[in-house]
$ cat work06.tsv   # TSV, C-alpha atoms
chain	number	residue	atom	x	y	z
A	1	MET	CA	38.14	15.89	-11.61
A	2	TRP	CA	40.33	13.40	-9.74
A	3	ASP	CA	43.42	14.78	-11.45
A	4	ALA	CA	42.50	18.29	-10.30
A	5	LYS	CA	41.42	17.27	-6.78
A	6	HIS	CA	44.26	14.91	-5.91
A	7	ASN	CA	47.19	15.32	-8.27
A	8	THR	CA	47.06	19.10	-8.56
A	9	VAL	CA	45.28	20.63	-5.55
A	10	HIS	CA	46.10	18.12	-2.79
A	11	HIS	CA	49.68	17.42	-3.85
A	12	MET	CA	50.54	21.09	-4.39
A	13	TYR	CA	48.63	22.68	-1.50
A	14	THR	CA	48.69	19.93	1.11
A	15	ASN	CA	46.98	20.81	4.42
A	16	ILE	CA	46.19	24.39	3.39
A	17	ASP	CA	42.71	25.22	4.62
A	18	GLY	CA	40.41	26.60	1.95
A	19	VAL	CA	42.43	25.03	-0.88
A	20	ASP	CA	43.08	21.38	0.00
A	21	ASP	CA	39.63	19.88	-0.51
A	22	ASP	CA	40.53	16.83	1.60
A	23	LEU	CA	40.26	19.00	4.73
A	24	ASP	CA	36.70	20.06	4.05
A	25	ILE	CA	34.18	17.95	5.99
A	26	ARG	CA	32.31	21.02	7.21
A	27	PRO	CA	30.09	21.51	9.09
A	28	TRP	CA	30.23	17.97	10.45
A	29	MET	CA	33.92	17.97	11.40
A	30	ARG	CA	36.70	20.49	12.08
A	31	LEU	CA	40.14	19.59	10.75
A	32	THR	CA	42.07	22.89	10.99
A	33	ALA	CA	42.29	25.75	13.47
A	34	GLU	CA	41.05	28.12	10.75
A	35	GLN	CA	37.71	26.35	10.38
A	36	PRO	CA	34.77	27.46	12.56
A	37	ARG	CA	34.22	25.38	15.68
A	38	HIS	CA	30.74	24.19	16.64
A	39	ARG	CA	29.65	22.62	19.91
A	40	ALA	CA	29.19	19.20	18.32
A	41	HIS	CA	32.86	19.14	17.33
A	42	ARG	CA	33.72	18.39	20.97
A	43	PHE	CA	32.61	14.84	20.22
A	44	GLN	CA	34.08	14.42	16.73
A	45	HIS	CA	36.77	12.08	18.08
A	46	LEU	CA	33.90	9.76	19.00
A	47	TYR	CA	31.67	10.00	15.92
A	48	PHE	CA	34.26	10.39	13.13
A	49	GLY	CA	33.83	6.76	12.07
A	50	PHE	CA	30.23	7.39	11.01
A	51	PHE	CA	31.13	10.22	8.64
A	52	TYR	CA	34.21	8.42	7.33
A	53	SER	CA	31.95	5.49	6.44
A	54	LEU	CA	29.85	7.80	4.28
A	55	LEU	CA	32.78	8.88	2.07
A	56	TYR	CA	32.35	6.37	-0.74
A	57	ILE	CA	28.57	6.70	-0.98
A	58	SER	CA	28.60	10.51	-0.85
A	59	TRP	CA	31.48	10.58	-3.35
A	60	ILE	CA	29.59	8.47	-5.90
A	61	PHE	CA	26.14	10.00	-5.51
A	62	ILE	CA	26.75	13.60	-4.40
A	63	THR	CA	30.20	15.20	-4.57
A	64	ASP	CA	31.05	13.98	-8.08
A	65	TYR	CA	27.97	15.81	-9.36
A	66	GLN	CA	28.71	18.88	-7.25
A	67	LYS	CA	32.15	19.16	-8.83
A	68	TYR	CA	30.78	18.48	-12.31
A	69	PHE	CA	28.05	21.13	-12.23
A	70	SER	CA	29.95	23.77	-10.22
A	71	ARG	CA	33.14	23.22	-12.26
A	72	ARG	CA	35.13	23.66	-9.06
A	73	ILE	CA	37.17	21.64	-6.57
A	74	GLY	CA	36.62	23.68	-3.43
A	75	SER	CA	37.94	27.14	-4.27
A	76	VAL	CA	39.88	25.96	-7.35
A	77	ALA	CA	38.24	26.15	-10.78
A	78	LEU	CA	38.34	23.08	-13.02
A	79	LYS	CA	39.79	23.40	-16.48
A	80	PRO	CA	37.13	23.38	-19.25
A	81	MET	CA	35.83	19.90	-20.01
A	82	THR	CA	35.93	18.57	-23.54
A	83	THR	CA	33.08	16.73	-25.23
A	84	ASN	CA	34.98	13.52	-24.57
A	85	ASP	CA	35.24	14.40	-20.86
A	86	HIS	CA	31.47	14.85	-20.65
A	87	LEU	CA	30.83	11.57	-22.45
A	88	ILE	CA	33.23	9.71	-20.16
A	89	PHE	CA	31.65	11.22	-17.04
A	90	TRP	CA	28.06	10.36	-17.92
A	91	GLY	CA	28.95	7.06	-19.57
A	92	PHE	CA	30.70	5.71	-16.49
A	93	LYS	CA	28.08	7.13	-14.15
A	94	LEU	CA	25.41	5.19	-16.05
A	95	LEU	CA	27.61	2.09	-16.09
A	96	ASN	CA	28.16	2.38	-12.35
A	97	LEU	CA	24.43	2.71	-11.68
A	98	GLY	CA	23.74	-0.27	-13.92
A	99	LEU	CA	26.34	-2.57	-12.36
A	100	TYR	CA	26.02	-1.56	-8.70
A	101	VAL	CA	22.35	-0.58	-8.43
A	102	ALA	CA	20.03	-1.77	-11.20
A	103	LEU	CA	21.51	-5.22	-11.87
A	104	PRO	CA	21.77	-6.28	-8.20
A	105	ILE	CA	18.23	-5.05	-7.48
A	106	TYR	CA	16.96	-7.05	-10.47
A	107	ASN	CA	18.75	-10.20	-9.29
A	108	VAL	CA	18.25	-10.17	-5.50
A	109	GLY	CA	15.61	-7.51	-4.77
A	110	PHE	CA	15.74	-4.04	-3.26
A	111	ILE	CA	16.24	-4.79	0.46
A	112	PRO	CA	19.08	-7.34	0.03
A	113	TRP	CA	20.76	-4.98	-2.42
A	114	LEU	CA	20.39	-2.01	-0.06
A	115	VAL	CA	21.87	-3.90	2.89
A	116	GLY	CA	24.76	-5.23	0.83
A	117	PHE	CA	25.47	-1.90	-0.85
A	118	LEU	CA	25.45	0.02	2.44
A	119	VAL	CA	27.82	-2.49	4.08
A	120	MET	CA	30.15	-2.44	1.08
A	121	GLY	CA	30.02	1.36	0.85
A	122	ALA	CA	30.60	1.86	4.57
A	123	VAL	CA	33.64	-0.44	4.64
A	124	ALA	CA	35.12	1.13	1.50
A	125	GLY	CA	34.48	4.66	2.78
A	126	PHE	CA	35.99	4.05	6.20
A	127	VAL	CA	39.10	2.34	4.84
A	128	LEU	CA	39.67	5.09	2.26
A	129	SER	CA	39.16	7.82	4.84
A	130	ILE	CA	41.32	6.41	7.60
A	131	VAL	CA	44.25	5.67	5.28
A	132	PHE	CA	44.30	9.21	3.91
A	133	GLN	CA	43.63	10.89	7.27
A	134	LEU	CA	46.56	9.11	8.94
A	135	ALA	CA	48.81	10.71	6.34
A	136	HIS	CA	47.97	14.35	7.05
A	137	THR	CA	45.64	14.96	10.00
A	138	VAL	CA	47.70	13.74	12.94
A	139	GLU	CA	49.46	15.54	15.80
A	140	GLN	CA	52.85	15.79	14.07
A	141	THR	CA	51.77	17.33	10.77
A	142	ALA	CA	51.64	21.08	10.07
A	143	PHE	CA	48.83	23.18	8.63
A	144	PRO	CA	50.61	26.18	7.08
A	145	THR	CA	48.79	29.42	6.25
A	146	PRO	CA	49.84	31.68	3.36
A	147	HIS	CA	51.19	35.17	4.09
A	148	GLU	CA	48.32	37.65	4.47
A	149	THR	CA	49.69	40.02	1.81
A	150	THR	CA	51.74	37.96	-0.63
A	151	ARG	CA	49.67	34.75	-0.22
A	152	LYS	CA	52.94	32.83	-0.42
A	153	LEU	CA	54.00	29.97	1.83
A	154	GLU	CA	57.08	30.07	4.01
A	155	ASP	CA	58.54	26.77	2.78
A	156	GLU	CA	59.39	25.56	-0.67
A	157	TRP	CA	57.25	22.74	-2.07
A	158	ALA	CA	59.39	19.74	-1.00
A	159	ILE	CA	59.84	20.99	2.58
A	160	HIS	CA	56.13	21.78	2.72
A	161	GLN	CA	55.38	18.14	1.84
A	162	LEU	CA	57.68	16.90	4.60
A	163	ARG	CA	56.04	19.11	7.22
A	164	THR	CA	52.47	18.26	6.25
A	165	THR	CA	52.81	14.50	5.67
A	166	ALA	CA	53.44	11.46	7.86
A	167	ASN	CA	54.12	7.77	7.26
A	168	PHE	CA	52.76	4.86	9.28
A	169	ALA	CA	53.66	1.18	9.72
A	170	THR	CA	56.24	1.18	6.92
A	171	ASP	CA	57.87	-1.99	8.27
A	172	ASN	CA	54.59	-3.90	8.11
A	173	ARG	CA	54.55	-5.71	4.77
A	174	LEU	CA	50.91	-6.77	5.11
A	175	ILE	CA	49.69	-3.21	5.62
A	176	SER	CA	51.95	-1.96	2.82
A	177	TRP	CA	50.41	-4.52	0.49
A	178	LEU	CA	46.83	-3.90	1.57
A	179	VAL	CA	47.04	-0.11	1.09
A	180	GLY	CA	49.23	-0.23	-2.02
A	181	GLY	CA	52.10	1.67	-0.44
A	182	LEU	CA	49.95	4.56	0.78
A	183	ASN	CA	51.47	4.18	4.25
A	184	PHE	CA	54.61	5.65	2.61
A	185	GLN	CA	52.93	9.03	2.17
A	186	VAL	CA	56.14	11.06	2.43
A	187	GLU	CA	57.61	9.18	-0.52
A	188	HIS	CA	54.29	9.31	-2.38
A	189	HIS	CA	54.09	13.09	-2.04
A	190	LEU	CA	57.69	13.78	-2.96
A	191	PHE	CA	57.79	11.31	-5.87
A	192	PRO	CA	54.16	10.67	-6.92
A	193	LYS	CA	55.08	9.15	-10.29
A	194	ILE	CA	57.39	6.48	-8.89
A	195	SER	CA	55.90	3.00	-8.36
A	196	HIS	CA	55.12	2.21	-4.73
A	197	VAL	CA	57.27	-0.94	-4.92
A	198	HIS	CA	60.32	1.35	-4.69
A	199	TYR	CA	59.10	3.26	-1.62
A	200	PRO	CA	60.92	1.13	1.02
A	201	MET	CA	64.32	1.75	-0.57
A	202	LEU	CA	63.46	5.36	-1.40
A	203	SER	CA	62.45	6.02	2.21
A	204	LYS	CA	65.97	5.22	3.40
A	205	ILE	CA	67.42	7.86	1.07
A	206	ILE	CA	64.84	10.48	2.07
A	207	ARG	CA	65.27	9.75	5.78
A	208	GLN	CA	69.05	10.15	5.48
A	209	THR	CA	68.69	13.38	3.48
A	210	CYS	CA	66.27	14.83	6.02
A	211	ALA	CA	68.69	14.06	8.85
A	212	GLU	CA	71.53	15.66	6.88
A	213	PHE	CA	69.63	18.94	6.35
A	214	GLY	CA	67.78	19.02	9.68
A	215	LEU	CA	64.35	18.46	8.13
A	216	PRO	CA	61.47	16.49	9.66
A	217	TYR	CA	60.74	12.94	8.54
A	218	GLN	CA	57.49	12.14	10.29
A	219	GLU	CA	56.52	8.55	10.87
A	220	TYR	CA	54.48	6.36	13.20
A	221	PRO	CA	56.06	2.91	13.57
A	222	LYS	CA	52.69	1.20	14.19
A	223	MET	CA	49.35	1.88	12.53
A	224	ARG	CA	47.62	1.93	15.91
A	225	TYR	CA	49.91	4.77	17.00
A	226	ALA	CA	48.87	6.78	13.94
A	227	VAL	CA	45.18	6.07	14.63
A	228	ALA	CA	45.62	7.17	18.26
A	229	SER	CA	47.34	10.36	17.09
A	230	HIS	CA	44.53	11.08	14.63
A	231	VAL	CA	41.92	10.62	17.36
A	232	ALA	CA	43.92	12.91	19.67
A	233	PHE	CA	44.14	15.47	16.87
A	234	LEU	CA	40.36	15.37	16.31
A	235	LYS	CA	39.83	15.82	20.04
A	236	GLN	CA	42.17	18.82	20.06
A	237	MET	CA	40.47	20.42	17.06
A	238	GLY	CA	37.06	19.90	18.66
A	239	ARG	CA	37.98	21.65	21.89
A	240	ALA	CA	40.72	24.17	21.08
$ encode --input "work06.tsv" --output "structure tokens"
Amino acid sequence: MWDAKHNTVHHMYTNIDGVDDDLDIRPWMRLTAEQPRHRAHRFQHLYFGFFYSLLYISWIFITDYQKYFSRRIGSVALKPMTTNDHLIFWGFKLLNLGLYVALPIYNVGFIPWLVGFLVMGAVAGFVLSIVFQLAHTVEQTAFPTPHETTRKLEDEWAIHQLRTTANFATDNRLISWLVGGLNFQVEHHLFPKISHVHYPMLSKIIRQTCAEFGLPYQEYPKMRYAVASHVAFLKQMGRA
């Protein structure tokens, strides 16, 4: 399911509403101009942290099962699962429940477990969300729509990745280490199978090539600038 959601759908159809499942936080938030706008979205730039904090918990307890039983990632059908796939899914779900729910409750009691689990889940969910959102849902990135008749995109795949993706804080070694190179999202999307330790050198080549061919290389020098741009983008989507 992760291979289909991230490696196939997200990396091939980045920032395309209705296909890229990472854009779907409806009805709580609006991330593209194509999504319906509700009155509450006017305040999404203020409350986004709450829903981002729910990512990990909802992922583990809700959306994994939704994908498993519906056999879909958004509008994209999953390939048929083998017997081994089913065994792996249920085996690790049971292991997860045993290690993160049953065993802690047995050792420390329900309330201490609940408090600890919610804090851990909220921190994990927020960090995961903000890192991925800074890569694609900021003011600089594009949200292309396929042609009404042909359903084809205007740009070829590599240019599409450049237009829909942004880097942040690539000169900050601490952030690069903490996020495992995911602040080099341009390099990650163009060369997803290359180790992140090569991203700093690779970024110089990509930046030079983009300048040579007049293509965008989108980057925020500081993480706080990217966060501010994401908040501004949420505000725009909530009111436009």
$ residues_around --input "work06.tsv" --residues "Ser195 of chain A" --least-positions-apart "5" --cutoff "10 Å" --atoms "only C-alpha atoms" --output "list of chain:residue names"
A:Gly180, A:Gly181, A:His188
$ residues_near_point --input "work06.tsv" --point "(30.0, 21.9, 9.6)" --cutoff "12 Å" --atoms "all atoms listed in the file" --output "ChimeraX atom specification"
/A:23-31,35-41,44,51,238
$ closest_residue --input "work06.tsv" --among "A:Lys79, A:Arg173, A:His136, A:His86" --to "Asp20 of chain A" --atoms "all atoms listed in the file"
A:His136
$ residues_near_point --input "work06.tsv" --point "(37.1, 21.8, -7.8)" --cutoff "10 Å" --atoms "all atoms listed in the file" --output "PyMOL selection string"
chain A and resi 1-2+4-5+9+19-21+64+66-68+70-79
$ residues_around --input "work06.tsv" --residues "His196 of chain A" --least-positions-apart "3" --cutoff "10 Å" --atoms "all atoms listed in the file" --output "list of chain:residue names"
A:Ser176, A:Trp177, A:Gly180, A:Gly181, A:Leu182, A:Asn183, A:Phe184, A:Gln185, A:Glu187, A:His188, A:Phe191, A:Pro192, A:Lys193, A:Tyr199, A:Pro200, A:Leu202
$ write_last_selection --input "work06.tsv" --atoms "C-alpha atoms" --output "compact mmCIF listing (two decimals), keeping the file's coordinate frame"
# COMPACT_ATOMS: atom_id res chain seq x y z
CA SER A 176 51.95 -1.96 2.82
CA TRP A 177 50.41 -4.52 0.49
CA GLY A 180 49.23 -0.23 -2.02
CA GLY A 181 52.10 1.67 -0.44
CA LEU A 182 49.95 4.56 0.78
CA ASN A 183 51.47 4.18 4.25
CA PHE A 184 54.61 5.65 2.61
CA GLN A 185 52.93 9.03 2.17
CA GLU A 187 57.61 9.18 -0.52
CA HIS A 188 54.29 9.31 -2.38
CA PHE A 191 57.79 11.31 -5.87
CA PRO A 192 54.16 10.67 -6.92
CA LYS A 193 55.08 9.15 -10.29
CA TYR A 199 59.10 3.26 -1.62
CA PRO A 200 60.92 1.13 1.02
CA LEU A 202 63.46 5.36 -1.40
$ residues_around --input "work06.tsv" --residues "Arg151 of chain A" --least-positions-apart "6" --cutoff "12 Å" --atoms "all atoms listed in the file" --output "tab-separated table (two decimals) with C-alpha atoms, keeping the file's coordinate frame"
chain	number	residue	atom	x	y	z
A	16	ILE	CA	46.19	24.39	3.39
A	144	PRO	CA	50.61	26.18	7.08
A	145	THR	CA	48.79	29.42	6.25
$ atom_distance --input "work06.tsv" --atom1 "atom CA of Thr137 of chain A" --atom2 "atom CA of Val119 of chain A"
25.6 Å
$ residues_around --input "work06.tsv" --residues "Thr141 of chain A" --least-positions-apart "4" --cutoff "9 Å" --atoms "all atoms listed in the file" --output "PDB file with C-alpha atoms, in the coordinates of the input"
ATOM      1  CA  ASN A  15      46.980  20.810   4.420  1.00  0.00           C
ATOM      2  CA  ALA A 135      48.810  10.710   6.340  1.00  0.00           C
ATOM      3  CA  HIS A 136      47.970  14.350   7.050  1.00  0.00           C
ATOM      4  CA  THR A 137      45.640  14.960  10.000  1.00  0.00           C
ATOM      5  CA  LEU A 162      57.680  16.900   4.600  1.00  0.00           C
ATOM      6  CA  ARG A 163      56.040  19.110   7.220  1.00  0.00           C
ATOM      7  CA  THR A 164      52.470  18.260   6.250  1.00  0.00           C
ATOM      8  CA  THR A 165      52.810  14.500   5.670  1.00  0.00           C
ATOM      9  CA  ALA A 166      53.440  11.460   7.860  1.00  0.00           C
ATOM     10  CA  GLN A 218      57.490  12.140  10.290  1.00  0.00           C
TER      11      GLN A 218
END
$ closest_residue --input "work06.tsv" --among "A:Val197, A:Val138, A:Ala102, A:Cys210" --to "Ala228 of chain A" --atoms "all atoms listed in the file"
A:Val138
$ build_atoms --input "work06.tsv" --residues "segment 33-48 of chain A" --atoms "N, CA, C and O atoms" --output "tab-separated table (two decimals), keeping the file's coordinate frame"
chain	number	residue	atom	x	y	z
A	33	ALA	N	42.59	24.69	12.52
A	33	ALA	CA	42.29	25.75	13.47
A	33	ALA	C	41.58	26.92	12.80
A	33	ALA	O	40.92	27.72	13.48
A	34	GLU	N	41.69	27.02	11.47
A	34	GLU	CA	41.05	28.12	10.75
A	34	GLU	C	39.57	27.89	10.52
A	34	GLU	O	38.81	28.83	10.25
A	35	GLN	N	39.12	26.66	10.61
A	35	GLN	CA	37.71	26.35	10.38
A	35	GLN	C	36.87	26.69	11.61
A	35	GLN	O	37.36	26.58	12.74
A	36	PRO	N	35.63	27.13	11.41
A	36	PRO	CA	34.77	27.46	12.56
A	36	PRO	C	34.51	26.24	13.44
A	36	PRO	O	34.37	25.12	12.94
A	37	ARG	N	34.45	26.48	14.73
A	37	ARG	CA	34.22	25.38	15.68
A	37	ARG	C	32.79	25.44	16.20
A	37	ARG	O	32.32	26.49	16.65
A	38	HIS	N	32.10	24.31	16.13
A	38	HIS	CA	30.74	24.19	16.64
A	38	HIS	C	30.74	23.29	17.88
A	38	HIS	O	31.67	22.51	18.10
A	39	ARG	N	29.71	23.38	18.66
A	39	ARG	CA	29.65	22.62	19.91
A	39	ARG	C	29.76	21.12	19.69
A	39	ARG	O	30.39	20.39	20.46
A	40	ALA	N	29.16	20.64	18.60
A	40	ALA	CA	29.19	19.20	18.32
A	40	ALA	C	30.59	18.69	18.05
A	40	ALA	O	30.86	17.48	18.23
A	41	HIS	N	31.49	19.56	17.64
A	41	HIS	CA	32.86	19.14	17.33
A	41	HIS	C	33.60	18.61	18.56
A	41	HIS	O	34.60	17.92	18.43
A	42	ARG	N	33.10	18.92	19.75
A	42	ARG	CA	33.72	18.39	20.97
A	42	ARG	C	33.68	16.87	20.99
A	42	ARG	O	34.47	16.22	21.70
A	43	PHE	N	32.77	16.30	20.22
A	43	PHE	CA	32.61	14.84	20.22
A	43	PHE	C	33.06	14.19	18.91
A	43	PHE	O	32.81	13.01	18.70
A	44	GLN	N	33.73	14.97	18.04
A	44	GLN	CA	34.08	14.42	16.73
A	44	GLN	C	35.07	13.26	16.83
A	44	GLN	O	35.12	12.41	15.94
A	45	HIS	N	35.85	13.21	17.91
A	45	HIS	CA	36.77	12.08	18.08
A	45	HIS	C	36.03	10.80	18.43
A	45	HIS	O	36.62	9.71	18.44
A	46	LEU	N	34.73	10.92	18.71
A	46	LEU	CA	33.90	9.76	19.00
A	46	LEU	C	33.05	9.34	17.81
A	46	LEU	O	32.81	8.15	17.61
A	47	TYR	N	32.60	10.33	17.02
A	47	TYR	CA	31.67	10.00	15.92
A	47	TYR	C	32.30	10.03	14.54
A	47	TYR	O	31.62	9.83	13.54
A	48	PHE	N	33.62	10.26	14.45
A	48	PHE	CA	34.26	10.39	13.13
A	48	PHE	C	34.05	9.17	12.25
A	48	PHE	O	33.95	9.28	11.03
